[in-house]
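With mmCIF, C-alpha atoms and all ligand atoms inside, this is protein.cif:
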data_my_file
#
loop_
_atom_site.label_atom_id
_atom_site.label_comp_id
_atom_site.auth_asym_id
_atom_site.auth_seq_id
_atom_site.Cartn_x
_atom_site.Cartn_y
_atom_site.Cartn_z
CA MET A 269 92.20 131.44 79.20
CA SER A 270 88.64 130.16 78.81
CA THR A 271 87.74 128.18 75.71
CA LYS A 272 84.04 128.64 76.41
CA LYS A 273 81.94 130.72 74.05
CA PRO A 274 81.78 134.27 75.41
CA VAL A 275 78.44 135.98 76.06
CA ARG A 276 79.18 139.69 76.09
CA VAL A 277 76.93 141.47 78.57
CA GLY A 278 75.76 145.08 78.41
CA LEU A 279 74.35 146.26 81.75
CA VAL A 280 72.07 149.33 81.96
CA GLY A 281 72.02 150.80 85.48
CA ALA A 282 74.45 150.36 88.36
CA GLY A 283 72.34 150.83 91.48
CA PHE A 284 71.11 148.16 93.90
CA MET A 285 70.21 145.67 91.17
CA GLY A 286 73.01 146.64 88.77
CA ARG A 287 75.58 145.69 91.41
CA CYS A 288 73.70 142.47 92.13
CA HIS A 289 73.69 141.54 88.40
CA ALA A 290 77.38 142.42 88.06
CA ASN A 291 78.20 140.17 91.04
CA ALA A 292 76.20 137.32 89.50
CA PHE A 293 77.90 137.63 86.09
CA ARG A 294 81.30 137.78 87.86
CA THR A 295 80.82 134.70 90.06
CA VAL A 296 78.49 132.37 88.13
CA GLY A 297 81.26 130.74 86.08
CA GLY A 298 83.09 129.56 89.20
CA LEU A 299 79.97 127.98 90.69
CA PHE A 300 78.13 126.49 87.71
CA ASP A 301 79.56 124.37 84.90
CA LEU A 302 78.22 126.40 81.98
CA SER A 303 79.11 126.00 78.33
CA VAL A 304 79.34 129.78 77.91
CA GLU A 305 81.36 132.44 79.73
CA PRO A 306 79.78 135.81 80.56
CA VAL A 307 81.99 138.80 79.82
CA ARG A 308 81.24 142.06 81.62
CA ALA A 309 81.62 144.23 78.53
CA VAL A 310 79.77 147.58 78.64
CA LEU A 311 77.93 149.41 81.42
CA ALA A 312 75.53 152.30 80.73
CA ASP A 313 74.52 154.85 83.34
CA VAL A 314 72.98 158.34 83.37
CA THR A 315 76.23 160.16 82.60
CA GLU A 316 79.54 159.21 81.00
CA ASP A 317 81.27 159.88 84.33
CA ALA A 318 78.94 157.64 86.36
CA ALA A 319 79.17 154.93 83.70
CA ASN A 320 82.99 154.97 83.64
CA ARG A 321 83.22 154.99 87.45
CA ASN A 322 80.73 152.13 87.85
CA ALA A 323 82.22 150.16 84.94
CA ALA A 324 85.61 150.28 86.66
CA ALA A 325 84.14 149.38 90.08
CA LEU A 326 82.06 146.48 88.76
CA GLY A 327 84.69 145.05 86.40
CA PHE A 328 83.22 146.07 83.02
CA GLU A 329 85.52 146.82 80.06
CA ARG A 330 84.06 150.30 79.56
CA GLY A 331 81.21 152.66 80.37
CA VAL A 332 78.84 154.65 78.16
CA GLY A 333 76.63 157.61 79.11
CA ASP A 334 73.80 156.59 76.76
CA TRP A 335 72.02 153.23 76.77
CA HIS A 336 71.12 153.64 73.06
CA ALA A 337 74.84 153.25 72.24
CA LEU A 338 75.03 150.10 74.40
CA CYS A 339 72.00 148.56 72.64
CA ALA A 340 73.40 149.42 69.19
CA ASP A 341 76.88 148.02 69.99
CA PRO A 342 77.36 144.97 67.69
CA SER A 343 79.79 143.38 70.16
CA ILE A 344 77.05 142.95 72.82
CA ASP A 345 75.10 139.65 72.96
CA LEU A 346 72.92 140.15 76.04
CA VAL A 347 71.44 143.34 77.52
CA ALA A 348 70.66 143.33 81.25
CA ILE A 349 68.24 146.08 82.32
CA THR A 350 68.47 147.31 85.91
CA ALA A 351 67.25 150.86 85.27
CA PRO A 352 63.97 152.40 86.54
CA ASN A 353 60.78 150.66 85.36
CA VAL A 354 59.71 153.33 82.86
CA LEU A 355 62.91 152.66 80.87
CA HIS A 356 62.45 148.88 80.61
CA GLU A 357 60.36 148.97 77.42
CA PRO A 358 62.45 151.42 75.35
CA ILE A 359 65.71 149.72 76.33
CA ALA A 360 64.35 146.22 75.68
CA LEU A 361 62.84 147.19 72.32
CA ALA A 362 66.13 148.78 71.19
CA ALA A 363 68.11 145.73 72.35
CA LEU A 364 65.72 143.29 70.65
CA ALA A 365 65.75 145.30 67.41
CA ALA A 366 69.55 144.99 67.44
CA GLY A 367 69.34 141.19 67.84
CA LYS A 368 70.26 140.88 71.55
CA ASP A 369 68.89 138.59 74.22
CA VAL A 370 67.36 140.54 77.13
CA TYR A 371 67.44 140.05 80.90
CA CYS A 372 65.10 142.57 82.53
CA GLU A 373 64.41 143.42 86.14
CA LYS A 374 60.89 143.15 87.50
CA PRO A 375 58.28 144.47 87.11
CA LEU A 376 58.62 143.84 83.36
CA SER A 377 57.14 147.25 82.56
CA THR A 378 54.68 149.93 83.61
CA THR A 379 51.51 148.57 81.96
CA VAL A 380 50.31 145.28 80.53
CA GLN A 381 50.15 146.80 77.03
CA SER A 382 53.80 147.79 77.32
CA ALA A 383 54.75 144.35 78.67
CA LEU A 384 52.94 142.69 75.76
CA ARG A 385 54.73 144.93 73.21
CA MET A 386 58.02 143.77 74.73
CA THR A 387 56.87 140.15 74.65
CA GLU A 388 55.77 140.30 71.02
CA ALA A 389 59.03 141.96 69.95
CA ALA A 390 61.05 139.30 71.81
CA GLU A 391 59.08 136.40 70.35
CA LYS A 392 59.33 137.87 66.82
CA ALA A 393 63.09 138.27 67.24
CA GLY A 394 63.50 134.74 68.65
CA ALA A 395 65.33 136.24 71.63
CA VAL A 396 65.93 134.57 74.98
CA THR A 397 64.33 136.67 77.73
CA MET A 398 64.37 136.41 81.51
CA VAL A 399 62.71 138.61 84.14
CA GLY A 400 64.33 139.06 87.57
CA PHE A 401 61.86 137.40 89.93
CA ASN A 402 64.88 136.02 91.82
CA TYR A 403 62.96 134.71 94.85
CA LEU A 404 61.63 131.90 92.63
CA ARG A 405 65.24 130.59 92.39
CA ASN A 406 65.43 129.70 96.08
CA PRO A 407 66.06 125.93 96.39
CA MET A 408 63.51 125.86 99.26
CA VAL A 409 60.86 127.40 97.02
CA ARG A 410 61.72 124.79 94.36
CA LEU A 411 61.35 122.11 97.05
CA ALA A 412 57.92 123.48 97.96
CA ARG A 413 56.86 123.29 94.33
CA ASP A 414 58.13 119.70 94.07
CA ILE A 415 56.16 118.75 97.20
CA ILE A 416 53.03 120.39 95.77
CA ARG A 417 53.43 118.82 92.31
CA ALA A 418 53.98 115.36 93.79
CA GLY A 419 50.63 115.70 95.59
CA GLU A 420 52.29 115.24 98.99
CA ILE A 421 50.05 117.82 100.66
CA GLY A 422 46.97 116.84 98.63
CA GLU A 423 44.88 119.22 96.53
CA ILE A 424 45.81 122.89 96.98
CA VAL A 425 42.98 124.61 98.81
CA ALA A 426 44.34 128.00 99.85
CA PHE A 427 47.23 130.47 99.47
CA ARG A 428 48.02 133.30 101.89
CA GLY A 429 50.85 135.54 100.66
CA ARG A 430 52.54 138.74 101.72
CA HIS A 431 55.40 140.92 100.60
CA ALA A 432 55.94 143.48 103.33
CA GLU A 433 58.92 145.79 103.79
CA ASN A 434 59.51 149.07 105.62
CA TYR A 435 61.48 151.26 103.22
CA MET A 436 58.64 153.79 102.68
CA VAL A 437 57.43 153.95 106.30
CA SER A 438 58.57 157.53 106.78
CA PRO A 439 56.21 160.18 105.32
CA ASP A 440 59.44 162.03 104.48
CA ALA A 441 60.81 159.24 102.30
CA PRO A 442 60.97 161.16 99.00
CA HIS A 443 59.39 160.42 95.64
CA ASN A 444 61.49 158.20 93.38
CA PHE A 445 60.82 155.93 90.42
CA ARG A 446 58.93 153.62 92.75
CA THR A 447 56.20 156.28 93.32
CA ASP A 448 56.04 157.22 89.62
CA PRO A 449 52.38 157.24 88.45
CA GLN A 450 53.70 155.23 85.49
CA GLY A 451 54.11 151.80 86.97
CA GLY A 452 54.98 152.68 90.56
CA GLY A 453 53.42 151.68 93.88
CA ALA A 454 53.92 148.94 96.45
CA LEU A 455 51.85 146.46 94.43
CA ALA A 456 53.98 146.82 91.28
CA ASP A 457 57.27 147.13 93.17
CA ILE A 458 57.06 144.23 95.62
CA GLY A 459 53.54 142.86 95.15
CA SER A 460 54.83 141.66 91.77
CA HIS A 461 57.16 139.26 93.63
CA ILE A 462 54.40 137.64 95.69
CA ILE A 463 52.13 137.45 92.62
CA ALA A 464 54.92 135.69 90.70
CA MET A 465 55.32 133.34 93.69
CA ALA A 466 51.57 132.58 93.84
CA ARG A 467 51.56 131.78 90.12
CA PHE A 468 54.71 129.64 90.46
CA LEU A 469 53.39 127.55 93.36
CA VAL A 470 49.64 127.45 92.81
CA GLY A 471 49.01 128.58 89.21
CA PRO A 472 47.44 131.47 87.29
CA LEU A 473 44.81 133.69 88.89
CA ARG A 474 41.31 133.83 87.45
CA SER A 475 39.89 136.85 89.29
CA VAL A 476 40.79 139.27 92.05
CA SER A 477 39.15 141.73 94.43
CA ALA A 478 41.56 144.31 95.78
CA HIS A 479 41.84 147.49 97.80
CA GLY A 480 44.84 149.79 97.42
CA GLU A 481 45.52 152.59 99.92
CA THR A 482 47.91 155.56 99.88
CA VAL A 483 48.95 155.99 103.51
CA HIS A 484 51.17 159.04 102.99
CA LYS A 485 49.26 161.40 100.72
CA THR A 486 52.26 163.62 99.93
CA ARG A 487 56.03 163.06 99.89
CA PRO A 488 59.03 165.38 99.33
CA ILE A 489 59.81 165.83 95.65
CA ALA A 490 63.49 164.95 96.25
CA PRO A 491 65.72 163.83 99.14
CA GLY A 492 65.81 166.57 101.81
CA SER A 493 63.43 168.89 99.90
CA ALA A 494 60.78 170.89 101.82
CA GLU A 495 58.57 170.88 98.74
CA ARG A 496 56.03 168.04 98.67
CA LYS A 497 53.74 166.67 95.97
CA PRO A 498 50.82 164.23 96.07
CA VAL A 499 51.35 160.49 95.94
CA VAL A 500 49.02 158.74 93.50
CA THR A 501 50.31 155.18 93.93
CA ASP A 502 49.50 152.68 96.69
CA ASP A 503 51.49 152.15 99.89
CA ILE A 504 49.45 149.03 100.73
CA THR A 505 47.31 146.75 98.59
CA ASN A 506 45.25 143.86 99.96
CA ALA A 507 43.60 141.38 97.60
CA ILE A 508 41.34 138.34 97.65
CA LEU A 509 42.30 135.78 95.01
CA ALA A 510 40.51 133.13 92.99
CA PHE A 511 42.90 130.81 91.13
CA ASP A 512 42.09 129.04 87.84
CA ASN A 513 42.41 125.65 89.56
CA GLY A 514 39.76 126.48 92.17
CA ALA A 515 42.13 127.38 95.01
CA THR A 516 41.35 130.56 96.91
CA GLY A 517 43.67 133.04 98.57
CA VAL A 518 44.62 136.41 100.01
CA LEU A 519 47.62 138.62 99.33
CA GLU A 520 49.13 141.78 100.80
CA ALA A 521 51.77 144.12 99.38
CA SER A 522 53.07 146.82 101.71
CA TRP A 523 56.16 149.00 101.82
CA VAL A 524 55.04 150.76 105.01
CA ALA A 525 55.20 147.65 107.22
CA VAL A 526 56.94 148.95 110.34
CA GLY A 527 59.53 146.47 111.58
CA ARG A 528 59.45 144.29 108.48
CA THR A 529 62.56 144.18 106.31
CA MET A 530 61.84 141.27 103.98
CA ASP A 531 58.60 139.52 104.81
CA LEU A 532 58.04 137.82 101.49
CA SER A 533 56.05 135.06 103.12
CA TRP A 534 53.38 132.58 102.22
CA GLU A 535 51.36 129.69 103.53
CA ILE A 536 49.90 127.05 101.26
CA THR A 537 47.15 124.83 102.60
CA GLY A 538 46.53 121.50 100.91
CA SER A 539 43.78 119.00 101.60
CA LYS A 540 46.27 116.82 103.55
CA GLY A 541 49.21 119.06 104.52
CA ALA A 542 50.57 122.59 104.48
CA ILE A 543 53.77 124.57 103.78
CA LEU A 544 55.00 127.85 105.32
CA PHE A 545 57.87 130.08 104.18
CA THR A 546 59.29 133.55 104.83
CA GLN A 547 62.21 135.09 102.96
CA GLU A 548 63.43 136.47 106.33
CA ARG A 549 64.38 132.82 107.05
CA MET A 550 65.03 131.90 103.43
CA ASN A 551 66.95 128.70 104.21
CA GLU A 552 63.99 127.04 105.90
CA LEU A 553 60.73 125.49 104.83
CA MET A 554 58.09 124.54 107.38
CA VAL A 555 56.12 121.54 106.19
CA TYR A 556 53.12 119.85 107.79
CA MET A 557 52.75 116.35 106.37
CA PRO A 558 49.93 113.93 106.99
CA GLY A 559 50.40 110.61 108.75
CA ALA A 560 51.98 111.42 112.12
CA LYS A 561 50.78 109.59 115.22
CA ALA A 562 48.17 111.39 117.32
CA GLY A 563 49.93 113.87 119.58
CA ARG A 564 53.10 113.87 117.44
CA ASP A 565 51.93 115.92 114.50
CA GLY A 566 53.08 119.43 113.71
CA PHE A 567 55.16 121.47 111.29
CA GLN A 568 58.60 120.08 110.49
CA ARG A 569 61.47 122.52 109.80
CA ILE A 570 63.52 121.51 106.74
CA GLU A 571 66.85 123.34 106.46
CA SER A 572 68.50 123.95 103.08
CA GLY A 573 71.41 121.77 101.99
CA PRO A 574 72.95 119.96 99.04
CA ALA A 575 69.84 117.75 98.79
CA HIS A 576 68.12 120.86 97.45
CA PRO A 577 69.75 121.75 94.10
CA PRO A 578 71.56 123.91 93.28
CA PHE A 579 72.58 124.53 96.95
CA GLY A 580 75.50 122.10 96.45
CA ASN A 581 77.00 124.35 93.75
CA PHE A 582 77.64 126.89 96.50
CA CYS A 583 78.51 124.71 99.46
CA PRO A 584 78.81 120.98 100.27
CA ALA A 585 77.59 121.40 103.86
CA PRO A 586 73.91 121.56 104.86
CA GLY A 587 72.80 124.40 107.10
CA HIS A 588 75.53 126.77 105.88
CA HIS A 589 72.90 128.89 104.12
CA LEU A 590 72.50 130.78 100.87
CA GLY A 591 71.80 134.52 100.73
CA PHE A 592 69.95 137.04 98.55
CA ASN A 593 72.80 137.54 96.05
CA ASP A 594 73.05 133.77 95.55
CA LEU A 595 69.50 133.75 94.18
CA LYS A 596 70.63 136.15 91.47
CA VAL A 597 73.60 133.89 90.68
CA ILE A 598 71.20 130.94 90.23
CA GLU A 599 68.96 133.11 88.02
CA VAL A 600 71.94 134.11 85.87
CA ALA A 601 73.07 130.47 85.60
CA ASP A 602 69.59 129.53 84.31
CA LEU A 603 69.65 132.50 81.92
CA LEU A 604 73.07 131.63 80.48
CA SER A 605 72.08 127.96 80.05
CA ALA A 606 69.07 129.09 78.01
CA VAL A 607 71.26 131.49 75.99
CA ALA A 608 73.69 128.63 75.26
CA THR A 609 70.97 126.20 74.10
CA ARG A 610 68.56 128.83 72.69
CA GLY A 611 66.11 127.46 75.25
CA ARG A 612 63.37 129.21 77.20
CA CYS A 613 63.71 130.89 80.58
CA SER A 614 61.04 130.99 83.23
CA PRO A 615 59.73 133.54 83.90
CA ASP A 616 60.29 135.01 80.44
CA PHE A 617 58.63 138.15 79.07
CA ARG A 618 55.40 136.23 78.32
CA GLU A 619 55.04 134.95 81.90
CA ALA A 620 56.05 138.30 83.39
CA SER A 621 53.31 139.96 81.28
CA GLU A 622 50.83 137.74 83.11
CA VAL A 623 52.17 139.07 86.44
CA GLN A 624 51.64 142.58 85.03
CA ARG A 625 48.11 141.63 83.97
CA THR A 626 47.39 140.48 87.53
CA ILE A 627 48.75 143.75 88.98
CA GLU A 628 46.49 145.74 86.68
CA ALA A 629 43.48 143.58 87.51
CA MET A 630 44.07 144.38 91.20
CA GLN A 631 44.45 148.10 90.44
CA ALA A 632 41.24 148.06 88.36
CA SER A 633 39.41 146.18 91.10
CA SER A 634 40.48 148.76 93.66
CA ARG A 635 39.36 151.64 91.44
CA GLU A 636 36.05 150.06 90.45
CA ARG A 637 35.29 148.52 93.87
CA ALA A 638 34.51 145.22 92.12
CA TRP A 639 35.88 141.74 91.33
CA VAL A 640 37.91 141.79 88.08
CA GLU A 641 38.68 138.87 85.75
CA VAL A 642 42.45 138.79 85.27
CA GLU A 643 42.36 137.61 81.65
CA ALA A 644 40.10 140.51 80.65
CA VAL A 645 42.85 143.04 81.48
CA GLY A 646 45.07 144.34 78.68
N1 LIG A 701 64.66 141.56 91.73
C1 LIG A 701 64.75 142.26 92.84
O1 LIG A 701 64.79 141.69 93.94
C2 LIG A 701 64.82 143.76 92.76
C3 LIG A 701 65.24 144.52 93.88
C4 LIG A 701 65.35 145.91 93.71
C5 LIG A 701 65.03 146.51 92.50
N2 LIG A 701 64.60 145.74 91.46
C6 LIG A 701 64.27 146.35 90.14
O2 LIG A 701 65.50 146.79 89.55
C7 LIG A 701 65.32 148.00 88.82
C8 LIG A 701 66.29 149.04 89.38
O3 LIG A 701 66.05 149.20 90.75
P1 LIG A 701 67.25 149.61 91.76
O4 LIG A 701 66.74 149.38 93.13
O5 LIG A 701 68.51 148.98 91.32
O6 LIG A 701 67.31 151.18 91.47
P2 LIG A 701 68.54 152.17 91.75
O7 LIG A 701 67.92 153.51 91.82
O8 LIG A 701 69.36 151.67 92.88
O9 LIG A 701 69.40 152.03 90.43
C9 LIG A 701 68.94 152.46 89.18
C10 LIG A 701 70.13 152.67 88.27
O10 LIG A 701 69.65 153.04 86.97
C11 LIG A 701 70.41 154.14 86.52
N3 LIG A 701 69.69 154.92 85.53
C12 LIG A 701 68.63 155.77 85.71
N4 LIG A 701 68.30 156.32 84.54
C13 LIG A 701 69.14 155.83 83.61
C14 LIG A 701 69.31 156.05 82.22
N5 LIG A 701 68.53 156.90 81.54
N6 LIG A 701 70.31 155.38 81.57
C15 LIG A 701 71.10 154.52 82.24
N7 LIG A 701 71.01 154.29 83.55
C16 LIG A 701 70.01 154.92 84.23
C17 LIG A 701 70.73 154.94 87.80
O11 LIG A 701 71.79 155.85 87.63
C18 LIG A 701 71.09 153.78 88.73
O12 LIG A 701 72.42 153.39 88.51
C19 LIG A 701 63.84 148.36 89.00
O13 LIG A 701 63.12 147.90 87.89
C20 LIG A 701 63.42 147.61 90.26
O14 LIG A 701 62.04 147.27 90.28
C21 LIG A 701 64.52 144.37 91.57
#
Before we go any further, please render this structure as structure tokens.
Amino acid sequence: MSTKKPVRVGLVGAGFMGRCHANAFRTVGGLFDLSVEPVRAVLADVTEDAANRNAAALGFERGVGDWHALCADPSIDLVAITAPNVLHEPIALAALAAGKDVYCEKPLSTTVQSALRMTEAAEKAGAVTMVGFNYLRNPMVRLARDIIRAGEIGEIVAFRGRHAENYMVSPDAPHNFRTDPQGGGALADIGSHIIAMARFLVGPLRSVSAHGETVHKTRPIAPGSAERKPVVTDDITNAILAFDNGATGVLEASWVAVGRTMDLSWEITGSKGAILFTQERMNELMVYMPGAKAGRDGFQRIESGPAHPPFGNFCPAPGHHLGFNDLKVIEVADLLSAVATRGRCSPDFREASEVQRTIEAMQASSRERAWVEVEAVG
């Protein structure tokens, strides 16, 4: 029987991300030495039936068919939101009003105004917040940031980033919350990850020039339906970036990238060296360092291992590799540490609002066919 202080978790949604969160809350205590113990308490889903079924499958004490009841439940300490984007704000505001900490999936919300309302409510309540940009938890991404911060590749000159996947390639892939005019589109759905990465590694963006394109102009209204309706969100967005610190860059978000399953990739060019990464080979970092003899220079492949914390929490042997779900476990460990100490997570709601601001600056740029200052949005 654990003597650690329990943190009772209420999870809203039990799809792809709900299962991933449940796995992280289940396993984190065995991998990280935390001063608190997460308890999978209540799971909310669209119906009472679905909630009870998923609660049983994912190890929660009980299910509820209405997230309002979960947020109002005085026994819950932390609300984790893995429901469609349009629900993030109402669920977070209800949870914050009831005194809970909030862990929300990305993108934080559907608009920057909505994201800022969530941020202000969280800051007023003194709540701990975390947003699920899990790719930032990769020890190899942390290593890249350490290399950059130590000046090992010199001044950062350029960033080239991409998040490309193929799950909307088919024109018959139906509408879902990801094509919702309120906060949908490839840029918000996966572009948000590469924007968060650019901010994490290089810094905030000052201005952007972007072009968004809808490749498939209509999609079925539901799986298997013959009825189609127009798509108003982007399938691909390309952007040129100007960072606050003077670095320049380009970025692509696409969910119609044939053959690509998880190309969250980037290249950072410094004045002396460079770093390459793709999530499809998430246990490797390619680093070009200055100083090699003529004819011996080139990119060096660094493979993940216990020298790259917190890899060693999972495995003592280098080269044995972490996976996608492990990133969520690391994120949850960081979240629970902040809950225990009443510290601050990164990215919290405030930082995730800045990602949202950048998304909207790109959308405005595409609409207006002009460069847009990121800070002017919202
Ligand atoms: N961090 C990541 O890598 C990552 C990956 C995928 C999705 N996401 C984010 O996670 C969120 C969910 O995406 P997903 O892929 O898990 O979607 P999903 O469709 O697989 O799951 C959504 C879940 O929410 C539930 N739901 C819908 N309406 C609800 C309501 N009114 N009350 C309670 N539950 C409700 C659904 O029944 C389902 O269980 C989105 O915000 C998405 O952007 C993040």
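Here atom CA of Lys497 of chain A and atom CA of Asn434 of chain A stand 20.9 Å from one another.
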*Excluding same-chain residues fewer than 3 positions from Ala490 of chain A, what lies within 10 Å of it counting all atoms listed in the file, as a PyMOL selection string?*
chain A and resi 440-444+487+493-497
Output C-alpha atoms for every residue in the selection just made, as an mmCIF file, in the coordinates of the input.
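Result saved to selection_24.cif:
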data_model
loop_
_atom_site.group_PDB
_atom_site.id
_atom_site.type_symbol
_atom_site.label_atom_id
_atom_site.label_comp_id
_atom_site.auth_asym_id
_atom_site.auth_seq_id
_atom_site.Cartn_x
_atom_site.Cartn_y
_atom_site.Cartn_z
ATOM 1 C CA ASP A 440 59.440 162.030 104.480
ATOM 2 C CA ALA A 441 60.810 159.240 102.300
ATOM 3 C CA PRO A 442 60.970 161.160 99.000
ATOM 4 C CA HIS A 443 59.390 160.420 95.640
ATOM 5 C CA ASN A 444 61.490 158.200 93.380
ATOM 6 C CA ARG A 487 56.030 163.060 99.890
ATOM 7 C CA SER A 493 63.430 168.890 99.900
ATOM 8 C CA ALA A 494 60.780 170.890 101.820
ATOM 9 C CA GLU A 495 58.570 170.880 98.740
ATOM 10 C CA ARG A 496 56.030 168.040 98.670
ATOM 11 C CA LYS A 497 53.740 166.670 95.970
#
*May I ask for the distance between atom CA of Gly480 of chain A and atom CA of Gly452 of chain A, given in Å to one decimal place?*
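Between these atoms lies a distance of 12.6 Å.
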Write out as a tab-separated table the residues of chain A that have any atom within 6 Å of an atom of ligand LIG 701 (chain A), one row each with the nearest atom pair and its distance in Å to one decimal, counting only C-alpha atoms and all ligand atoms, sorted by chain and then rising number.
residue	atom	partner	partner_atom	distance
A:Val280	CA	A:LIG701	C15	5.3
A:Gly281	CA	A:LIG701	O10	3.6
A:Ala282	CA	A:LIG701	O12	3.7
A:Gly283	CA	A:LIG701	O9	3.3
A:Phe284	CA	A:LIG701	O5	3.8
A:Met285	CA	A:LIG701	O5	3.7
A:Gly286	CA	A:LIG701	O5	5.7
A:Ala312	CA	A:LIG701	C15	5.2
A:Asp313	CA	A:LIG701	N7	3.6
A:Val314	CA	A:LIG701	N6	4.4
A:Trp335	CA	A:LIG701	N6	5.5
A:Thr350	CA	A:LIG701	C7	4.3
A:Ala351	CA	A:LIG701	O10	3.7
A:Pro352	CA	A:LIG701	C19	4.7
A:Asn353	CA	A:LIG701	O13	4.4
A:Glu373	CA	A:LIG701	O2	4.9
A:Lys374	CA	A:LIG701	O14	5.1
A:Pro375	CA	A:LIG701	O14	5.7
A:Gly400	CA	A:LIG701	N1	4.9
A:Phe401	CA	A:LIG701	N1	5.3
A:Asn402	CA	A:LIG701	N1	5.5
A:Asp457	CA	A:LIG701	O14	5.6
Okay, now the selection with C-alpha atoms, as a PDB file, in the frame of the given file?
ATOM      1  CA  VAL A 280      72.070 149.330  81.960  1.00  0.00           C
ATOM      2  CA  GLY A 281      72.020 150.800  85.480  1.00  0.00           C
ATOM      3  CA  ALA A 282      74.450 150.360  88.360  1.00  0.00           C
ATOM      4  CA  GLY A 283      72.340 150.830  91.480  1.00  0.00           C
ATOM      5  CA  PHE A 284      71.110 148.160  93.900  1.00  0.00           C
ATOM      6  CA  MET A 285      70.210 145.670  91.170  1.00  0.00           C
ATOM      7  CA  GLY A 286      73.010 146.640  88.770  1.00  0.00           C
ATOM      8  CA  ALA A 312      75.530 152.300  80.730  1.00  0.00           C
ATOM      9  CA  ASP A 313      74.520 154.850  83.340  1.00  0.00           C
ATOM     10  CA  VAL A 314      72.980 158.340  83.370  1.00  0.00           C
ATOM     11  CA  TRP A 335      72.020 153.230  76.770  1.00  0.00           C
ATOM     12  CA  THR A 350      68.470 147.310  85.910  1.00  0.00           C
ATOM     13  CA  ALA A 351      67.250 150.860  85.270  1.00  0.00           C
ATOM     14  CA  PRO A 352      63.970 152.400  86.540  1.00  0.00           C
ATOM     15  CA  ASN A 353      60.780 150.660  85.360  1.00  0.00           C
ATOM     16  CA  GLU A 373      64.410 143.420  86.140  1.00  0.00           C
ATOM     17  CA  LYS A 374      60.890 143.150  87.500  1.00  0.00           C
ATOM     18  CA  PRO A 375      58.280 144.470  87.110  1.00  0.00           C
ATOM     19  CA  GLY A 400      64.330 139.060  87.570  1.00  0.00           C
ATOM     20  CA  PHE A 401      61.860 137.400  89.930  1.00  0.00           C
ATOM     21  CA  ASN A 402      64.880 136.020  91.820  1.00  0.00           C
ATOM     22  CA  ASP A 457      57.270 147.130  93.170  1.00  0.00           C
TER      23      ASP A 457
END
*With only C-alpha atoms as the atoms that count, which of A:Ile462, A:Ala360, A:Ala412, A:Leu603 lies nearest to Ala393 of chain A?*
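Distance minimum relative to Ala393 of chain A lands on A:Ala360.
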*Could you name the residues that touch Ala638 of chain A at 10 Å or less, counting all atoms listed in the file, but leaving out those on the same chain fewer than 3 positions away, as an MDAnalysis selection string?*
chainID A and resid 476:479 630 632:635 641
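Distances from A:Ile359, A:Val354, A:Met398, A:Ala290 to Gly611 of chain A were compared using only C-alpha atoms, and the smallest one belongs to A:Met398.
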*Find the spatial neighbours of Thr378 of chain A, counting all atoms listed in the file, within a cut-off of 12 Å - ignore same-chain residues fewer than 3 positions away - and output them as an MDAnalysis selection string.*
chainID A and resid 352:358 373:375 381:386 445:453 455:457 460 620:621 623:625 627:628
*What is the distance, in Å and to one decimal place, between atom CA of Arg417 of chain A and atom CA of Leu532 of chain A?*
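Going from atom CA of Arg417 of chain A over to atom CA of Leu532 of chain A covers 21.6 Å.
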*For Gly367 of chain A, please output as number ranges by chain all residues within 8 Å (counting only C-alpha atoms; exclusion window: fewer than 4 positions along the same chain).*
A: 345, 363, 393, 395
_Which residues are close to Ser572 of chain A, i.e. within 8 Å by all atoms listed in the file, leaving aside same-chain residues fewer than 2 positions away? Reply as a PyMOL selection string._
chain A and resi 407-408+551-552+570+574-576+579+586-587+589
*Using all atoms listed in the file, which of the listed residues (A:Leu519, A:Leu595, A:Ile349, A:Val645) sits closest to Ser377 of chain A?*
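Checking each candidate against Ser377 of chain A, we get A:Ile349 as the closest.
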_Under the rule that all atoms listed in the file are counted, which of A:Phe511, A:Phe582, A:Phe293, A:Phe617 is the nearest residue to Val307 of chain A?_
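Answer, going by the shortest atom-to-atom distance: A:Phe293.
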Missing atoms of segment 347-351 of chain A rebuilt to N, CA, C and O atoms, written as a CSV table (one decimal), in the frame of the given file:
chain,number,residue,atom,x,y,z
A,347,VAL,N,71.6,142.1,76.8
A,347,VAL,CA,71.4,143.3,77.5
A,347,VAL,C,70.7,143.1,78.8
A,347,VAL,O,69.6,142.4,78.8
A,348,ALA,N,71.3,143.5,79.9
A,348,ALA,CA,70.7,143.3,81.2
A,348,ALA,C,70.2,144.7,81.7
A,348,ALA,O,70.9,145.7,81.7
A,349,ILE,N,68.9,144.8,82.0
A,349,ILE,CA,68.2,146.1,82.3
A,349,ILE,C,68.0,146.2,83.8
A,349,ILE,O,67.1,145.5,84.4
A,350,THR,N,68.7,147.1,84.5
A,350,THR,CA,68.5,147.3,85.9
A,350,THR,C,68.2,148.8,86.1
A,350,THR,O,68.6,149.4,87.2
A,351,ALA,N,67.6,149.4,85.2
A,351,ALA,CA,67.2,150.9,85.3
A,351,ALA,C,65.8,151.0,85.8
A,351,ALA,O,65.1,150.0,85.9
